[in-house]
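Novice: To be precise about what I am sending: the file is called data-v5.txt and holds compact mmCIF, C-alpha atoms.
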# COMPACT_ATOMS: atom_id res chain seq x y z
CA MET A 18 75.21 153.58 35.95
CA ARG A 19 75.93 156.27 38.51
CA LEU A 20 79.45 157.52 39.10
CA ILE A 21 79.52 156.00 42.59
CA THR A 22 79.26 152.59 40.96
CA HIS A 23 81.83 153.46 38.32
CA ASN A 24 84.15 154.41 41.14
CA MET A 25 83.85 150.87 42.52
CA LEU A 26 83.86 149.00 39.24
CA GLN A 27 86.89 147.23 37.89
CA CYS A 28 87.62 145.01 34.91
CA HIS A 29 87.00 141.35 35.69
CA VAL A 30 88.70 139.72 32.76
CA LYS A 31 90.78 136.96 34.30
CA ALA A 32 93.96 137.68 32.38
CA CYS A 33 93.78 141.42 33.08
CA PRO A 34 97.10 142.46 34.64
CA PRO A 35 96.60 143.15 38.36
CA GLY A 36 96.80 146.79 39.31
CA GLN A 37 95.71 147.92 35.87
CA SER A 38 92.14 146.68 35.93
CA TYR A 39 91.03 149.89 37.61
CA PRO A 40 89.73 152.43 36.71
CA LEU A 41 87.74 151.87 33.53
CA GLN A 42 88.00 154.81 31.15
CA ILE A 43 84.69 156.25 30.03
CA ARG A 44 84.50 157.15 26.35
CA ASN A 45 81.81 158.82 24.24
CA ALA A 46 79.62 159.40 27.25
CA GLU A 47 76.10 160.66 27.28
CA LEU A 48 75.05 161.77 30.74
CA GLU A 49 71.80 162.14 32.56
CA ALA A 50 70.93 163.87 35.82
CA LEU A 51 69.11 161.86 38.44
CA ASP A 52 67.05 162.79 41.41
CA ALA A 53 68.30 161.06 44.53
CA GLU A 54 67.58 161.68 48.15
CA PHE A 55 70.48 163.26 50.00
CA ASN A 56 71.68 161.43 53.07
CA ALA A 57 74.62 163.14 54.78
CA ASP A 58 75.55 160.09 56.86
CA PHE A 59 75.70 157.83 53.86
CA VAL A 60 77.91 160.22 51.92
CA ARG A 61 80.17 160.69 54.93
CA ARG A 62 80.62 156.93 55.26
CA LEU A 63 81.11 156.68 51.52
CA ILE A 64 84.10 159.02 51.42
CA PRO A 65 86.73 156.54 52.74
CA LYS A 66 85.51 153.97 50.23
CA LEU A 67 85.82 156.30 47.26
CA ASP A 68 88.92 156.54 45.16
CA TRP A 69 89.05 160.30 45.22
CA LYS A 70 91.53 160.73 42.37
CA VAL A 71 89.40 158.61 40.07
CA LEU A 72 86.21 160.38 41.06
CA ARG A 73 87.88 163.73 40.51
CA SER A 74 89.31 162.87 37.10
CA THR A 75 86.11 161.17 35.93
CA ALA A 76 84.00 164.11 37.01
CA PHE A 77 86.40 166.45 35.27
CA GLU A 78 86.58 164.47 32.04
CA LEU A 79 82.84 164.14 31.84
CA GLY A 80 82.47 167.82 32.63
CA VAL A 81 80.28 167.26 35.67
CA ALA A 82 82.16 169.22 38.30
CA GLN A 83 85.56 170.47 39.29
CA LEU A 84 86.29 168.66 42.54
CA PRO A 85 89.10 169.81 44.84
CA GLU A 86 92.54 168.21 44.47
CA GLU A 87 92.35 166.47 47.82
CA CYS A 88 89.37 164.92 49.44
CA PRO A 89 88.15 167.29 52.18
CA ALA A 90 89.31 165.85 55.49
CA GLU A 91 86.47 167.38 57.41
CA PRO A 92 83.72 167.73 54.88
CA THR A 93 81.21 170.48 55.31
CA GLU A 94 77.56 170.16 54.34
CA ASP A 95 78.40 171.80 51.01
CA ASP A 96 81.17 169.29 50.31
CA LEU A 97 78.82 166.42 51.02
CA GLN A 98 76.17 167.93 48.76
CA MET A 99 78.75 168.25 46.02
CA ILE A 100 79.91 164.63 46.36
CA HIS A 101 76.28 163.55 46.42
CA LYS A 102 75.63 165.42 43.22
CA VAL A 103 78.65 163.96 41.43
CA ALA A 104 78.49 160.38 42.69
CA LEU A 105 74.79 159.73 43.15
CA GLN A 106 73.00 162.13 40.86
CA THR A 107 75.04 161.72 37.72
CA ARG A 108 74.24 158.77 35.54
CA VAL A 109 76.08 157.56 32.48
CA LYS A 110 73.44 156.69 29.94
CA GLU A 111 75.35 155.72 26.83
CA ALA A 112 79.10 155.17 26.71
CA GLU A 113 81.94 152.75 26.33
CA MET A 114 84.11 151.73 29.24
CA VAL A 115 87.59 150.67 28.30
CA CYS A 116 89.97 148.80 30.53
CA SER A 117 93.44 150.28 30.33
CA GLY A 118 94.98 146.96 31.34
CA CYS A 119 93.58 144.51 28.82
CA GLY A 120 91.69 146.81 26.47
CA HIS A 121 88.33 145.11 26.96
CA VAL A 122 85.45 147.38 25.99
CA TYR A 123 82.31 147.29 28.09
CA PRO A 124 79.49 149.03 26.25
CA ILE A 125 76.85 150.94 28.24
CA LYS A 126 73.41 150.92 26.65
CA ASP A 127 70.47 152.77 28.15
CA GLY A 128 72.31 153.03 31.45
CA VAL A 129 73.11 149.31 31.67
CA PRO A 130 76.73 148.25 31.21
CA ASN A 131 77.22 144.94 29.46
CA MET A 132 79.75 143.09 31.59
CA LEU A 133 79.54 139.76 29.77
CA LEU A 134 82.85 138.22 28.83
CA GLN A 135 83.88 135.93 26.02
CA ASP A 136 84.68 132.33 26.88
CA HIS A 137 88.43 132.87 26.50
CA GLU A 138 88.41 135.80 28.93
CA ILE A 139 87.04 133.86 31.90
CA MET B 1382 58.56 120.64 41.21
CA SER B 1383 59.56 122.01 37.85
CA ARG B 1384 63.15 123.03 37.48
CA PRO B 1385 63.66 125.87 34.99
CA GLU B 1386 67.42 125.22 35.12
CA HIS B 1387 66.81 122.06 33.12
CA THR B 1388 64.91 123.75 30.32
CA ALA B 1389 67.35 126.42 29.16
CA PRO B 1390 70.18 128.67 30.32
CA PRO B 1391 68.96 131.69 32.34
CA GLU B 1392 69.56 134.29 29.61
CA ILE B 1393 67.22 132.29 27.38
CA PHE B 1394 64.74 131.00 29.95
CA TYR B 1395 63.98 134.49 31.28
CA ASN B 1396 62.65 135.81 28.00
CA GLU B 1397 60.02 138.50 27.55
CA ASP B 1398 57.16 136.14 28.38
CA GLU B 1399 58.79 135.02 31.58
CA ALA B 1400 59.80 138.59 32.46
CA THR B 1401 56.26 139.96 32.16
CA LYS B 1402 55.18 137.42 34.80
CA TYR B 1403 57.29 139.36 37.24
CA THR B 1404 55.15 142.45 36.77
CA SER B 1405 51.74 140.91 36.20
CA ASN B 1406 51.60 137.74 38.28
CA SER B 1407 50.67 138.81 41.80
CA ARG B 1408 51.58 135.41 43.24
CA ILE B 1409 55.15 135.53 41.91
CA ILE B 1410 55.45 139.13 43.07
CA SER B 1411 54.25 138.41 46.59
CA ILE B 1412 56.52 135.37 46.99
CA GLN B 1413 59.56 137.26 45.67
CA ASN B 1414 58.73 140.19 47.88
CA GLU B 1415 58.38 138.06 50.98
CA MET B 1416 61.68 136.32 50.33
CA ALA B 1417 63.41 139.64 49.74
CA TRP B 1418 62.17 140.96 53.08
CA ARG B 1419 63.33 137.83 54.85
CA ALA B 1420 66.73 138.03 53.14
CA LEU B 1421 67.04 141.66 54.19
CA GLU B 1422 66.16 140.70 57.75
CA LEU B 1423 68.83 138.00 57.73
CA LEU B 1424 71.30 140.51 56.31
CA ALA B 1425 71.02 142.38 59.63
CA LEU B 1426 72.27 145.73 58.36
CA PRO B 1427 72.81 148.37 61.04
CA GLU B 1428 69.53 150.10 61.76
CA ASP B 1429 68.78 153.62 60.53
CA GLU B 1430 71.81 153.61 58.28
CA VAL B 1431 71.76 153.76 54.53
CA ALA B 1432 73.82 150.90 53.15
CA PHE B 1433 75.35 150.12 49.76
CA VAL B 1434 73.93 146.75 48.81
CA LEU B 1435 74.54 144.39 45.90
CA ASP B 1436 71.56 142.51 44.48
CA ILE B 1437 72.81 139.42 42.69
CA GLY B 1438 70.36 138.33 40.01
CA CYS B 1439 68.18 141.38 40.51
CA GLY B 1440 65.88 140.48 37.62
CA SER B 1441 63.01 142.89 37.29
CA GLY B 1442 64.06 144.72 40.43
CA LEU B 1443 61.46 143.31 42.83
CA SER B 1444 64.03 142.72 45.54
CA GLY B 1445 65.60 146.06 44.72
CA GLU B 1446 62.33 147.76 45.49
CA VAL B 1447 62.40 146.19 48.94
CA LEU B 1448 65.88 147.67 49.42
CA GLU B 1449 64.62 151.05 48.22
CA GLU B 1450 61.76 150.95 50.69
CA GLU B 1451 64.32 150.59 53.43
CA GLY B 1452 66.23 153.50 51.93
CA HIS B 1453 69.32 151.60 50.81
CA VAL B 1454 71.39 152.38 47.75
CA TRP B 1455 71.76 149.30 45.59
CA VAL B 1456 73.44 147.88 42.53
CA GLY B 1457 71.89 144.95 40.71
CA MET B 1458 73.20 142.48 38.20
CA ASP B 1459 71.39 139.97 36.02
CA ILE B 1460 72.14 137.89 32.97
CA SER B 1461 68.71 138.26 31.40
CA ASP B 1462 68.27 141.22 29.09
CA SER B 1463 64.48 140.93 29.15
CA MET B 1464 64.33 141.02 32.94
CA LEU B 1465 66.57 144.11 33.02
CA GLU B 1466 64.29 145.69 30.43
CA VAL B 1467 61.38 145.22 32.85
CA ALA B 1468 63.46 146.71 35.64
CA LYS B 1469 64.16 149.77 33.50
CA GLU B 1470 60.46 150.17 32.78
CA ARG B 1471 59.75 150.10 36.49
CA GLU B 1472 62.30 152.89 36.90
CA VAL B 1473 64.17 151.32 39.77
CA ASP B 1474 66.72 153.47 41.56
CA GLY B 1475 69.55 150.96 41.53
CA ASP B 1476 72.27 150.69 38.93
CA LEU B 1477 71.78 147.71 36.65
CA PHE B 1478 74.43 145.50 35.10
CA LEU B 1479 74.15 142.86 32.43
CA GLN B 1480 76.45 140.31 33.94
CA ASP B 1481 77.02 136.60 34.30
CA ILE B 1482 77.78 136.05 37.98
CA GLY B 1483 79.66 132.86 37.13
CA GLN B 1484 82.22 135.07 35.42
CA GLY B 1485 82.85 136.94 38.63
CA VAL B 1486 81.73 140.12 40.34
CA GLY B 1487 84.02 142.91 39.26
CA PHE B 1488 84.10 145.43 42.08
CA ARG B 1489 86.88 146.89 44.18
CA ALA B 1490 87.62 145.36 47.54
CA GLY B 1491 85.27 146.32 50.35
CA THR B 1492 82.69 148.03 48.16
CA PHE B 1493 79.44 146.64 49.52
CA ASP B 1494 77.89 146.63 52.98
CA GLY B 1495 75.89 143.54 52.08
CA ALA B 1496 74.59 141.38 49.27
CA ILE B 1497 71.29 139.65 48.70
CA SER B 1498 70.19 137.21 46.05
CA ILE B 1499 66.75 135.71 45.51
CA SER B 1500 66.36 132.39 43.69
CA VAL B 1501 69.55 132.64 41.71
CA ILE B 1502 72.54 130.56 42.72
CA GLN B 1503 71.00 127.21 41.88
CA TRP B 1504 71.48 128.33 38.28
CA LEU B 1505 75.23 128.23 38.81
CA CYS B 1506 75.05 124.49 39.40
CA ASN B 1507 74.01 123.86 35.82
CA ALA B 1508 76.48 123.65 33.00
CA ASP B 1509 74.86 124.87 29.81
CA LYS B 1510 78.08 125.18 27.85
CA THR B 1511 81.10 122.94 27.79
CA VAL B 1512 83.27 125.77 29.09
CA ASN B 1513 80.95 126.23 32.05
CA ASN B 1514 82.15 124.06 34.84
CA PRO B 1515 79.81 124.60 37.83
CA ARG B 1516 82.57 124.19 40.40
CA SER B 1517 84.90 126.70 38.80
CA ARG B 1518 82.02 129.13 38.21
CA LEU B 1519 80.96 128.89 41.86
CA LYS B 1520 84.56 129.35 42.93
CA ARG B 1521 85.03 132.42 40.75
CA PHE B 1522 81.73 133.88 41.90
CA PHE B 1523 82.28 133.41 45.63
CA SER B 1524 85.91 134.50 45.62
CA THR B 1525 85.20 137.72 43.72
CA LEU B 1526 82.13 138.38 45.86
CA TYR B 1527 84.17 137.88 49.02
CA SER B 1528 86.65 140.51 48.01
CA SER B 1529 84.00 143.04 46.99
CA LEU B 1530 82.27 142.87 50.38
CA ALA B 1531 83.32 145.03 53.31
CA ARG B 1532 84.71 143.30 56.39
CA GLY B 1533 81.90 142.06 58.56
CA ALA B 1534 79.39 142.35 55.74
CA ARG B 1535 76.91 139.59 55.11
CA ALA B 1536 75.58 137.96 51.99
CA VAL B 1537 72.21 136.19 52.03
CA PHE B 1538 71.17 133.88 49.21
CA GLN B 1539 67.71 132.43 48.95
CA PHE B 1540 67.89 129.46 46.61
CA TYR B 1541 66.13 126.31 45.52
CA PRO B 1542 68.57 123.43 45.76
CA GLU B 1543 67.76 120.46 43.60
CA ASN B 1544 69.37 117.90 45.86
CA PRO B 1545 71.61 117.70 48.94
CA GLU B 1546 74.71 117.43 46.74
CA GLN B 1547 73.99 120.89 45.32
CA ILE B 1548 73.75 122.37 48.81
CA GLU B 1549 77.02 120.71 49.69
CA MET B 1550 78.72 121.98 46.53
CA ILE B 1551 77.51 125.56 47.02
CA ILE B 1552 78.40 125.73 50.71
CA SER B 1553 81.82 124.18 50.25
CA SER B 1554 82.64 126.63 47.44
CA ALA B 1555 81.61 129.52 49.66
CA MET B 1556 83.69 128.27 52.58
CA LYS B 1557 86.72 127.79 50.34
CA ALA B 1558 86.37 131.41 49.25
CA GLY B 1559 86.69 132.43 52.91
CA PHE B 1560 83.12 132.92 53.99
CA THR B 1561 81.80 131.68 57.29
CA GLY B 1562 78.17 131.03 58.10
CA GLY B 1563 75.80 128.39 56.87
CA LEU B 1564 72.34 127.39 55.86
CA VAL B 1565 69.16 128.66 57.49
CA VAL B 1566 66.09 126.63 56.59
CA ASP B 1567 62.79 128.37 57.26
CA PHE B 1568 59.72 126.25 57.93
CA PRO B 1569 61.61 122.95 57.53
CA ASN B 1570 58.47 120.93 58.21
CA SER B 1571 56.37 122.47 55.49
CA SER B 1572 56.86 121.38 51.92
CA LYS B 1573 55.44 124.62 50.54
CA ALA B 1574 56.77 127.27 52.89
CA LYS B 1575 60.19 125.65 53.25
CA LYS B 1576 62.87 128.08 52.11
CA TYR B 1577 66.63 127.80 52.04
CA TYR B 1578 68.72 130.84 52.93
CA LEU B 1579 72.46 130.66 52.71
CA CYS B 1580 73.83 133.20 55.19
CA LEU B 1581 77.46 134.07 54.64
CA PHE B 1582 79.71 136.34 56.66
CA ALA B 1583 82.71 138.03 55.10
CA GLY B 1584 85.83 139.03 56.99
CA TYR B 1585 86.20 136.12 59.41
CA LYS B 1586 88.54 134.11 57.23
CA ASP B 1587 91.36 133.83 59.74
CA ASN B 1588 89.35 133.98 62.93
CA ALA B 1589 86.38 131.78 62.22
CA LYS B 1590 85.45 131.56 65.88
CA ASP B 1591 84.68 135.28 66.03
CA SER B 1592 82.13 134.79 63.28
CA PRO B 1593 78.61 135.73 64.39
CA ALA B 1594 76.12 132.99 65.18
CA LEU B 1595 73.80 131.86 62.46
CA PRO B 1596 70.38 133.59 62.63
CA LYS B 1597 67.50 131.49 63.87
CA ALA B 1598 65.24 129.93 61.29
CA LEU B 1599 61.52 130.53 61.25
CA GLY B 1600 58.96 127.85 61.96
CA GLU B 1601 61.26 125.34 63.56
CA GLY B 1602 59.91 122.80 66.04
CA ASP B 1603 56.62 123.71 67.72
CA GLU B 1604 56.33 127.16 66.20
CA GLY B 1605 55.47 125.90 62.77
CA VAL B 1606 52.19 124.46 61.68
CA GLN B 1607 52.36 120.78 62.39
CA VAL B 1608 50.10 117.86 61.59
CA ASN B 1609 49.74 115.08 64.09
CA TYR B 1610 50.45 111.56 62.99
CA ALA B 1611 47.03 110.22 62.13
CA SER B 1612 47.29 106.74 60.74
CA LYS B 1613 45.21 105.17 63.52
CA ARG B 1614 41.65 105.98 64.32
CA VAL B 1615 41.12 106.96 67.89
CA HIS B 1616 38.27 105.03 69.54
CA THR B 1617 36.85 106.43 72.70
CA ARG B 1618 35.14 103.65 74.59
CA ARG B 1619 32.33 104.28 77.02
CA LYS B 1620 33.28 103.20 80.44
CA GLU B 1621 29.85 102.03 81.57
CA PRO B 1622 26.84 101.20 79.43
CA VAL B 1623 24.28 103.89 79.89
CA ASP B 1624 20.92 102.60 81.13
CA ARG B 1625 18.50 103.97 78.62
CA LYS B 1626 14.81 103.28 78.71
CA ALA B 1627 13.10 102.17 75.55
CA VAL B 1628 10.82 104.85 74.19
CA LYS B 1629 8.31 102.46 72.62
CA ASP B 1630 7.61 100.24 75.60
CA LYS B 1631 4.52 98.19 76.33
CA LYS B 1632 2.69 101.17 77.83
CA TRP B 1633 3.27 103.31 74.75
CA VAL B 1634 2.11 100.57 72.36
CA GLN B 1635 -1.06 100.00 74.33
CA HIS B 1636 -1.80 103.71 74.41
CA LYS B 1637 -1.47 103.89 70.63
CA LYS B 1638 -3.72 100.86 70.16
CA GLU B 1639 -6.38 102.39 72.34
CA LEU B 1640 -6.29 105.58 70.35
CA ASN B 1641 -6.67 103.68 67.09
CA ARG B 1642 -9.59 101.71 68.44
CA ALA B 1643 -11.29 104.91 69.53
CA ARG B 1644 -10.84 106.24 65.99
CA GLY B 1645 -12.43 103.10 64.63
CA LYS B 1646 -9.36 101.75 62.93
CA ASP B 1647 -8.46 98.11 62.45
CA THR B 1648 -6.32 97.28 65.45
CA PRO B 1649 -4.82 93.89 66.39
CA LEU B 1650 -6.00 92.33 69.59
CA ASP B 1651 -3.92 92.53 72.75
CA SER B 1652 -2.07 89.39 73.73
CA LYS B 1653 0.80 88.26 75.88
CA TYR B 1654 3.06 88.96 72.92
CA THR B 1655 2.08 92.60 72.63
CA ALA B 1656 5.16 94.93 72.66
CA ARG B 1657 7.45 92.06 73.43
CA LYS B 1658 10.84 91.81 71.84
CA ARG B 1659 11.46 89.12 69.28
CA ARG B 1660 13.96 86.48 70.03
CA THR B 1661 17.41 87.24 68.67
CA LYS B 1662 17.30 83.99 66.70
CA PHE B 1663 14.44 85.35 64.64
I need this file expressed as structure tokens, please.

Specialist:
Amino acid sequence: MRLITHNMLQCHVKACPPGQSYPLQIRNAELEALDAEFNADFVRRLIPKLDWKVLRSTAFELGVAQLPEECPAEPTEDDLQMIHKVALQTRVKEAEMVCSGCGHVYPIKDGVPNMLLQDHEI
Amino acid sequence: MSRPEHTAPPEIFYNEDEATKYTSNSRIISIQNEMAWRALELLALPEDEVAFVLDIGCGSGLSGEVLEEEGHVWVGMDISDSMLEVAKEREVDGDLFLQDIGQGVGFRAGTFDGAISISVIQWLCNADKTVNNPRSRLKRFFSTLYSSLARGARAVFQFYPENPEQIEMIISSAMKAGFTGGLVVDFPNSSKAKKYYLCLFAGYKDNAKDSPALPKALGEGDEGVQVNYASKRVHTRRKEPVDRKAVKDKKWVQHKKELNRARGKDTPLDSKYTARKRRTKF
């Protein structure tokens, strides 16, 4: 799972208190670098969709990069390259994602998060 | 037509044996590929733009590869571990999730620019556990999908409905979740090429009349290959009897007899009956 997807992912347990289902905390992560084609337009259109704070803190906690406090309002080519590197070229290979709202643990194995829920969580 | 939904739940039906078919069976691959292209066409993403697309029931990543070819960034989810294993082996670019779509699609609002799904949602109509109520699963799926799509985004589902009631159930669940759109049936007159595509538009919940028109289906009416109704044999009758001369007339018979006599063969004598037709009564 790349960090762009983590940035969009939220807990989908039905009883999870609203407002707390995002973001999922990544624990015991093992990372992997990917090779992805850089597309400036795509990254530029991605910026308003991203939750910058979450991306920043996740990147910091995982030790990927130190992103600026605020999202650059007028991103330069270098900014876009940096976002591309963090969001699209960093992949979480093994980890646990924990929801801070309901405490559900989503394990990530070989890059694939297991999002299956128990019957009582639907 | 066999219905895999009736044999076992998807996570069990799509085992390793079934999953290898999706890499080795060229027929399955070509059909899946074709349907993925058509779904992508119906999705009508803006041209020359890289989009963030969700592939629902991505399986071994065949449809994902179509998205990659077009340069899109995608995320796929599937309930079958074995199929995802195949996808990993193929080293697809998209992010994979082990997920039951009937439990909902857990993404933030407005994440995706579009969603495609090939031969998946008919599975939602089957209840394989007592807790699985098809209606509530469809409702949960469509409502969470609606919120994770951007405004104006489309979702295209190719599926194999078992009966008209299933179509009705699926479409009504989608409409209740706020989608507009409807069913596009390609090649409706062909039993083999006939394909159902559910085209849904997100973001027109309150102003349904601004919703874009449904894309045109392929092979409708005269375009498609049609067979004429052929229960009656067509007889073409000659208008006038053609006056044809008999080849073996009296002259010809006599010529032959003469030749035989010249060759010294036993030849009947000539009479008034020579080369005359017999009566019909005879």

Novice: At what distance in Å, to one decimal, does atom CA of His121 of chain A lie from atom CA of Pro34 of chain A?

Specialist: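 These two atoms are separated by 12.0 Å.
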
Novice: Residues of chain B within 8 Å of chain A, counting all atoms listed in the file, what are they? List them as a PyMOL selection string.

Specialist: chain B and resi 1430-1432+1456+1476-1481+1484-1489+1491-1492+1512

Novice: Pick out the residues sitting within 7 Å of segment 82-96 of chain A, and hand them over as a ChimeraX atom specification; count only C-alpha atoms, and ignore anything fewer than 4 positions along from it in its own chain.

Specialist: /A:69,73,76-77,100

Novice: The selected residues should be written to file as a PDB file, in the frame of the given file (atoms: C-alpha atoms).

Specialist:
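Saved to result-v1.pdb:
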ATOM      1  CA  TRP A  69      89.050 160.300  45.220  1.00  0.00           C
ATOM      2  CA  ARG A  73      87.880 163.730  40.510  1.00  0.00           C
ATOM      3  CA  ALA A  76      84.000 164.110  37.010  1.00  0.00           C
ATOM      4  CA  PHE A  77      86.400 166.450  35.270  1.00  0.00           C
ATOM      5  CA  ILE A 100      79.910 164.630  46.360  1.00  0.00           C
TER       6      ILE A 100
END

Novice: Quick one: residues within 10 Å of Gln1413 of chain B, all atoms listed in the file, excluding same-chain residues fewer than 3 positions away - as number ranges by chain?

Specialist: B: 1403, 1407-1410, 1416-1419, 1443-1444, 1447, 1499-1500

Novice: Quick check, in Å to one decimal: how far apart do atom CA of Thr1401 of chain B and atom CA of Val1467 of chain B lie?

Specialist: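 Interatomic distance here is 7.4 Å.
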
Novice: Record the distance separating atom CA of Gln1539 of chain B and atom CA of Tyr1578 of chain B, expressed in Å with one decimal.

Specialist: 4.4 Å

Novice: Counting all atoms listed in the file, which of B:Asp1591, B:Glu1601, B:Glu1392, B:Asp1436 gets nearest to Val1454 of chain B?

Specialist: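 Selected residue with least distance to Val1454 of chain B: B:Asp1436.
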
Novice: Just checking: using only C-alpha atoms, which residue out of A:Pro65, A:His101, A:Lys110, A:Lys70 ends up closest to Glu47 of chain A?

Specialist: A:Lys110

Novice: Can you pull out the residues contacting Pro1649 of chain B? Cut-off 12 Å, using all atoms listed in the file, and skip same-chain residues under 3 positions away; I want them as number ranges by chain.

Specialist: B: 1634-1635, 1637-1639, 1641-1642, 1646, 1652, 1654-1656

Novice: Give me a file of those residues, with C-alpha atoms, as a PDB file, in the coordinates of the input.

Specialist:
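As written to disk, selection.pdb reads:
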ATOM      1  CA  VAL B1634       2.110 100.570  72.360  1.00  0.00           C
ATOM      2  CA  GLN B1635      -1.060 100.000  74.330  1.00  0.00           C
ATOM      3  CA  LYS B1637      -1.470 103.890  70.630  1.00  0.00           C
ATOM      4  CA  LYS B1638      -3.720 100.860  70.160  1.00  0.00           C
ATOM      5  CA  GLU B1639      -6.380 102.390  72.340  1.00  0.00           C
ATOM      6  CA  ASN B1641      -6.670 103.680  67.090  1.00  0.00           C
ATOM      7  CA  ARG B1642      -9.590 101.710  68.440  1.00  0.00           C
ATOM      8  CA  LYS B1646      -9.360 101.750  62.930  1.00  0.00           C
ATOM      9  CA  SER B1652      -2.070  89.390  73.730  1.00  0.00           C
ATOM     10  CA  TYR B1654       3.060  88.960  72.920  1.00  0.00           C
ATOM     11  CA  THR B1655       2.080  92.600  72.630  1.00  0.00           C
ATOM     12  CA  ALA B1656       5.160  94.930  72.660  1.00  0.00           C
TER      13      ALA B1656
END

Novice: Could you tell me which of A:Ile64, A:Ala32, A:Cys119, A:Ala46 comes closest to Thr107 of chain A if we count only C-alpha atoms?

Specialist: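 For Thr107 of chain A, the nearest of the candidates is A:Ala46.
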
Novice: Which residues are close to Met114 of chain A, i.e. within 9 Å by all atoms listed in the file, leaving aside same-chain residues fewer than 6 positions away? Reply as a list of chain:residue names.

Specialist: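 My reading of the contact set: A:Leu41, A:Gln42, A:Ile43, A:Arg44, A:Asn45, A:His121, A:Val122, A:Tyr123, A:Pro124, A:Ile125, A:Pro130.
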
Novice: Report as JSON, numbers by chain all protein, DNA and RNA residues lying within 10 Å of Ala1594 of chain B, evaluated on all atoms listed in the file, omitting residues in the same chain fewer than 4 positions from it.

Specialist: {"B": [1561, 1562, 1563, 1582, 1590]}
